[in-house]
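What follows is the content of query.json (JSON, C-alpha atoms).
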[["chain", "number", "residue", "atom", "x", "y", "z"],
["E", 1, "MET", "CA", -43.61, 28.28, -38.45],
["E", 2, "VAL", "CA", -45.93, 27.06, -41.13],
["E", 3, "LYS", "CA", -47.77, 23.80, -40.53],
["E", 4, "LYS", "CA", -47.57, 21.34, -43.41],
["E", 5, "THR", "CA", -50.74, 19.78, -44.55],
["E", 6, "LEU", "CA", -50.59, 16.12, -45.41],
["E", 7, "THR", "CA", -52.60, 14.63, -48.14],
["E", 8, "SER", "CA", -54.57, 11.51, -47.51],
["E", 9, "GLU", "CA", -52.16, 9.56, -49.77],
["E", 10, "ASP", "CA", -49.15, 10.67, -47.66],
["E", 11, "SER", "CA", -50.96, 9.79, -44.46],
["E", 12, "ASP", "CA", -51.88, 6.31, -45.75],
["E", 13, "LEU", "CA", -48.29, 5.71, -46.93],
["E", 14, "PHE", "CA", -46.97, 6.73, -43.48],
["E", 15, "ARG", "CA", -49.38, 4.37, -41.68],
["E", 16, "GLN", "CA", -48.41, 1.45, -43.96],
["E", 17, "THR", "CA", -44.70, 2.07, -43.40],
["E", 18, "ILE", "CA", -45.01, 2.34, -39.61],
["E", 19, "GLY", "CA", -47.29, -0.62, -39.17],
["E", 20, "LYS", "CA", -49.38, -1.39, -36.12],
["E", 21, "VAL", "CA", -48.82, 1.11, -33.29],
["E", 22, "ARG", "CA", -50.01, 1.06, -29.70],
["E", 23, "PRO", "CA", -49.91, 4.07, -27.40],
["E", 24, "VAL", "CA", -47.39, 4.17, -24.51],
["E", 25, "ASN", "CA", -49.10, 4.69, -21.16],
["E", 26, "ASN", "CA", -45.90, 5.11, -19.11],
["E", 27, "ASP", "CA", -42.72, 6.79, -20.29],
["E", 28, "LYS", "CA", -40.59, 5.08, -17.62],
["E", 29, "ILE", "CA", -40.39, 1.55, -18.91],
["E", 30, "PRO", "CA", -37.13, -0.19, -17.95],
["E", 31, "LEU", "CA", -35.07, -1.41, -20.84],
["E", 32, "THR", "CA", -34.47, -4.77, -19.19],
["E", 33, "THR", "CA", -36.53, -6.61, -16.64],
["E", 34, "GLU", "CA", -33.48, -8.17, -15.01],
["E", 35, "HIS", "CA", -32.08, -6.71, -11.81],
["E", 36, "LYS", "CA", -28.80, -4.89, -12.14],
["E", 37, "PRO", "CA", -25.90, -6.65, -10.42],
["E", 38, "LYS", "CA", -24.66, -5.06, -7.24],
["E", 39, "PRO", "CA", -21.33, -3.28, -7.55],
["E", 40, "PHE", "CA", -18.37, -4.92, -5.85],
["E", 41, "PRO", "CA", -15.07, -3.33, -4.83],
["E", 42, "LYS", "CA", -11.98, -3.93, -6.89],
["E", 43, "GLU", "CA", -9.53, -6.26, -5.25],
["E", 44, "ILE", "CA", -6.15, -4.74, -4.59],
["E", 45, "ASN", "CA", -3.40, -7.22, -5.24],
["E", 46, "VAL", "CA", -0.30, -6.16, -3.35],
["E", 47, "GLU", "CA", 1.92, -8.69, -5.07],
["E", 48, "LEU", "CA", 1.44, -7.23, -8.55],
["E", 49, "THR", "CA", 4.45, -5.02, -8.02],
["E", 50, "CYS", "CA", 6.98, -6.19, -5.50],
["E", 51, "PRO", "CA", 8.20, -3.25, -3.42],
["E", 52, "LEU", "CA", 11.56, -4.93, -2.81],
["E", 53, "THR", "CA", 14.42, -4.14, -5.14],
["E", 54, "LEU", "CA", 16.17, -7.29, -6.23],
["E", 55, "SER", "CA", 19.54, -5.65, -6.01],
["E", 56, "THR", "CA", 22.26, -7.65, -4.33],
["E", 57, "ALA", "CA", 24.41, -4.56, -3.86],
["E", 58, "PHE", "CA", 24.02, -4.80, -0.09],
["E", 59, "ASP", "CA", 27.14, -6.37, 1.38],
["E", 60, "LEU", "CA", 25.78, -7.18, 4.82],
["E", 61, "ASP", "CA", 27.49, -8.89, 7.69],
["E", 62, "THR", "CA", 25.40, -11.26, 9.74],
["E", 63, "VAL", "CA", 23.95, -9.59, 12.80],
["E", 64, "GLY", "CA", 24.27, -11.15, 16.24],
["E", 65, "LEU", "CA", 21.75, -11.42, 19.07],
["E", 66, "GLU", "CA", 22.55, -8.12, 20.79],
["E", 67, "ASP", "CA", 23.80, -6.17, 17.75],
["E", 68, "SER", "CA", 22.03, -2.94, 16.81],
["E", 69, "LEU", "CA", 20.64, -2.27, 13.36],
["E", 70, "SER", "CA", 20.77, 1.05, 11.54],
["E", 71, "TYR", "CA", 20.30, 2.23, 7.97],
["E", 72, "VAL", "CA", 19.78, 5.52, 6.14],
["E", 73, "ALA", "CA", 18.79, 5.63, 2.46],
["E", 74, "SER", "CA", 21.22, 7.33, 0.15],
["E", 75, "GLY", "CA", 20.62, 11.06, -0.17],
["E", 76, "LEU", "CA", 19.13, 11.33, 3.32],
["E", 77, "GLN", "CA", 20.88, 13.21, 6.11],
["E", 78, "THR", "CA", 22.22, 11.30, 9.08],
["E", 79, "ALA", "CA", 20.38, 13.73, 11.36],
["E", 80, "VAL", "CA", 17.19, 11.91, 10.37],
["E", 81, "LEU", "CA", 18.56, 8.73, 11.94],
["E", 82, "LYS", "CA", 19.38, 10.61, 15.17],
["E", 83, "LYS", "CA", 15.83, 11.99, 15.29],
["E", 84, "LEU", "CA", 14.45, 8.49, 14.69],
["E", 85, "ARG", "CA", 16.54, 7.08, 17.56],
["E", 86, "LYS", "CA", 15.34, 9.83, 19.90],
["E", 87, "GLY", "CA", 11.72, 9.11, 19.02],
["E", 88, "ASN", "CA", 11.00, 12.51, 17.46],
["E", 89, "PHE", "CA", 8.70, 11.05, 14.82],
["E", 90, "GLY", "CA", 6.26, 9.26, 17.14],
["E", 91, "LEU", "CA", 4.99, 5.74, 16.53],
["E", 92, "ASP", "CA", 2.00, 5.25, 14.26],
["E", 93, "ALA", "CA", 1.77, 1.43, 14.17],
["E", 94, "GLU", "CA", 3.46, -1.75, 15.37],
["E", 95, "LEU", "CA", 3.97, -5.23, 13.94],
["E", 96, "ASP", "CA", 5.06, -8.30, 15.91],
["E", 97, "LEU", "CA", 6.77, -11.06, 13.92],
["E", 98, "HIS", "CA", 7.56, -13.39, 16.84],
["E", 99, "GLY", "CA", 7.23, -17.08, 16.04],
["E", 100, "LEU", "CA", 6.68, -16.68, 12.30],
["E", 101, "SER", "CA", 8.61, -18.51, 9.65],
["E", 102, "SER", "CA", 10.78, -16.49, 7.31],
["E", 103, "ASN", "CA", 8.26, -16.64, 4.43],
["E", 104, "ALA", "CA", 5.28, -15.80, 6.64],
["E", 105, "ALA", "CA", 7.21, -12.92, 8.23],
["E", 106, "LYS", "CA", 8.08, -11.53, 4.79],
["E", 107, "GLN", "CA", 4.44, -11.62, 3.67],
["E", 108, "GLN", "CA", 3.28, -10.00, 6.92],
["E", 109, "LEU", "CA", 5.97, -7.33, 6.61],
["E", 110, "LEU", "CA", 5.15, -6.47, 2.99],
["E", 111, "GLN", "CA", 1.42, -6.25, 3.72],
["E", 112, "PHE", "CA", 2.04, -4.18, 6.86],
["E", 113, "LEU", "CA", 4.33, -1.72, 5.09],
["E", 114, "TYR", "CA", 1.90, -1.44, 2.18],
["E", 115, "ASP", "CA", -1.00, -0.68, 4.55],
["E", 116, "CYS", "CA", 1.10, 1.84, 6.47],
["E", 117, "THR", "CA", 2.17, 3.74, 3.38],
["E", 118, "GLN", "CA", -1.38, 3.79, 2.02],
["E", 119, "THR", "CA", -2.67, 5.09, 5.36],
["E", 120, "GLY", "CA", 0.03, 7.73, 5.55],
["E", 121, "TYR", "CA", 1.89, 6.38, 8.57],
["E", 122, "ARG", "CA", 5.37, 7.80, 8.95],
["E", 123, "CYS", "CA", 7.10, 5.82, 11.72],
["E", 124, "VAL", "CA", 6.40, 2.20, 12.67],
["E", 125, "ASN", "CA", 7.85, -0.30, 15.13],
["E", 126, "ILE", "CA", 8.56, -3.85, 13.96],
["E", 127, "VAL", "CA", 9.29, -6.41, 16.67],
["E", 128, "HIS", "CA", 11.36, -9.32, 15.37],
["E", 129, "GLY", "CA", 12.80, -10.74, 18.57],
["E", 130, "LYS", "CA", 16.42, -11.25, 19.48],
["E", 131, "GLY", "CA", 16.65, -14.82, 18.22],
["E", 132, "TYR", "CA", 17.72, -16.61, 21.41],
["E", 133, "ARG", "CA", 16.08, -19.84, 20.19],
["E", 134, "SER", "CA", 17.70, -19.70, 16.74],
["E", 135, "THR", "CA", 20.21, -22.31, 15.70],
["E", 136, "ASP", "CA", 23.87, -21.33, 15.95],
["E", 137, "GLN", "CA", 22.82, -18.24, 17.96],
["E", 138, "LEU", "CA", 22.18, -16.33, 14.71],
["E", 139, "PRO", "CA", 18.81, -14.53, 14.62],
["E", 140, "VAL", "CA", 17.07, -15.43, 11.37],
["E", 141, "LEU", "CA", 14.30, -12.82, 11.34],
["E", 142, "LYS", "CA", 16.63, -10.05, 12.46],
["E", 143, "ASN", "CA", 19.06, -10.72, 9.61],
["E", 144, "ASN", "CA", 16.27, -11.12, 7.07],
["E", 145, "LEU", "CA", 14.59, -7.92, 8.25],
["E", 146, "ASN", "CA", 17.90, -6.08, 7.95],
["E", 147, "LEU", "CA", 18.02, -7.05, 4.26],
["E", 148, "TRP", "CA", 14.31, -6.69, 3.44],
["E", 149, "LEU", "CA", 14.02, -3.21, 4.91],
["E", 150, "ARG", "CA", 17.08, -2.03, 2.98],
["E", 151, "GLN", "CA", 15.51, -3.38, -0.23],
["E", 152, "HIS", "CA", 12.06, -1.87, 0.36],
["E", 153, "GLN", "CA", 11.37, 1.19, -1.79],
["E", 154, "GLU", "CA", 9.32, 3.06, 0.82],
["E", 155, "VAL", "CA", 11.81, 2.70, 3.71],
["E", 156, "LEU", "CA", 13.90, 5.81, 4.27],
["E", 157, "ALA", "CA", 15.69, 4.76, 7.47],
["E", 158, "PHE", "CA", 15.56, 2.28, 10.32],
["E", 159, "CYS", "CA", 17.37, 1.67, 13.59],
["E", 160, "SER", "CA", 17.10, -0.57, 16.63],
["E", 161, "ALA", "CA", 14.40, 0.57, 19.00],
["E", 162, "SER", "CA", 14.87, 2.03, 22.45],
["E", 163, "PRO", "CA", 14.81, -0.44, 25.36],
["E", 164, "LYS", "CA", 11.20, 0.46, 26.23],
["E", 165, "ASN", "CA", 10.10, -0.35, 22.65],
["E", 166, "GLY", "CA", 11.94, -3.66, 22.33],
["E", 167, "GLY", "CA", 15.64, -2.76, 22.27],
["E", 168, "THR", "CA", 17.71, -4.82, 19.84],
["E", 169, "GLY", "CA", 14.70, -7.11, 19.32],
["E", 170, "ALA", "CA", 12.79, -4.43, 17.40],
["E", 171, "VAL", "CA", 13.39, -1.75, 14.78],
["E", 172, "LEU", "CA", 11.91, 1.69, 14.26],
["E", 173, "VAL", "CA", 11.23, 2.27, 10.58],
["E", 174, "LEU", "CA", 10.81, 5.66, 8.90],
["E", 175, "LEU", "CA", 8.58, 5.44, 5.82],
["E", 176, "ARG", "CA", 8.26, 7.69, 2.80],
["E", 177, "LEU", "CA", 5.00, 9.59, 2.55],
["E", 178, "ILE", "CA", 3.66, 8.82, -0.91],
["E", 179, "ASN", "CA", 0.23, 10.42, -1.26],
["E", 180, "LYS", "CA", 0.16, 13.19, 1.30],
["E", 181, "TYR", "CA", 2.17, 15.72, -0.70],
["E", 182, "SER", "CA", 1.32, 14.63, -4.23],
["E", 183, "SER", "CA", -0.42, 17.94, -5.06],
["E", 184, "ASP", "CA", 2.56, 20.07, -3.98],
["E", 185, "ASP", "CA", 5.28, 21.11, -6.38],
["E", 186, "ASN", "CA", 8.02, 20.20, -3.88],
["E", 187, "ALA", "CA", 6.84, 16.65, -3.20],
["E", 188, "ASP", "CA", 10.36, 15.32, -2.69],
["E", 189, "GLU", "CA", 11.26, 17.79, 0.04],
["E", 190, "TYR", "CA", 9.40, 16.34, 3.01],
["E", 191, "TYR", "CA", 12.16, 14.72, 5.01]]
Target format structure tokens, applied to this file:
Amino acid sequence: MVKKTLTSEDSDLFRQTIGKVRPVNNDKIPLTTEHKPKPFPKEINVELTCPLTLSTAFDLDTVGLEDSLSYVASGLQTAVLKKLRKGNFGLDAELDLHGLSSNAAKQQLLQFLYDCTQTGYRCVNIVHGKGYRSTDQLPVLKNNLNLWLRQHQEVLAFCSASPKNGGTGAVLVLLRLINKYSSDDNADEYY
């Protein structure tokens, strides 16, 4: 490569155009003197998308104090319900809704089911009580839970628990696994 020689006129013109220059002693000068803000985690708002379908297609009879609950999502074999009753899935978590109002119980239930599906839990126990202190001997939480669980998108099946897990005062719920098999081609075949 051939080095160009500058004339004194070109050199003077360059210095006039550039102006006053000072040498840089350190090549690691920060662009701003302010401290960068610390990162903060994104808040996850569960209520952005309600997991309950607003369908009123469920024609449900009111459930009594000692009545058993059972439900299987459409397209699912009834053998899954038998396995759930026998306890073949094993319990991953439990929620107790005793003493809560209907609205508080719904919020607790939605948050609990959201956390369980995000964690990858498959089978959970929800204790609602039998409703002996309810007016007119009709259990409020039990009837509400019967509807809410049927409406929830991640619930595949549920049934009343065995006597050692709460009997007719609790339900075993089988949840859909959402993230565990997302890389497989047959993601829908995990029942």
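Taking CA of Trp148 (chain E) and CA of Gln107 (chain E) as the two end points, the separation is 11.0 Å.
When all atoms listed in the file are used to compute distances to Gly129 (chain E), the closest of the residues E:Asp92, E:Asp115, E:Asp12, E:Glu66 turns out to be E:Glu66.
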Q: Could you tell me how far CA of Tyr121 (chain E) lies from CA of Leu60 (chain E), in Å and to one decimal?
A: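 Distance between the two atoms: 27.7 Å.
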Q: Do a neighbour search on Glu154 (chain E) at 10 Å with only C-alpha atoms, toss out local chain neighbours closer than 3 positions, and write the hits as a PyMOL selection string.
A: chain E and resi 51-52+73+113-114+117+149-151+157+173-178
Q.
So the first atom is CA of Ser70 (chain E) and the second is CA of Gln118 (chain E); what is the distance between them in Å, to one decimal place?
A.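 Answer for the CA of Ser70 (chain E) to CA of Gln118 (chain E) separation: 24.3 Å.
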Report, as lines of an AutoDock Vina configuration file, the axis-aligned box around all atoms of region 84-96 of chain E present in the file, extended by 8 Å on each side; give centre and edge lengths in Å to one decimal place.
center_x = 9.2
center_y = 2.1
center_z = 16.9
size_x = 30.8
size_y = 36.8
size_z = 22.0
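Restricting the calculation to only C-alpha atoms, the smallest distance between Lys106 (chain E) and any of E:His35, E:Arg85, E:Lys142, E:Lys28 is found for E:Lys142.
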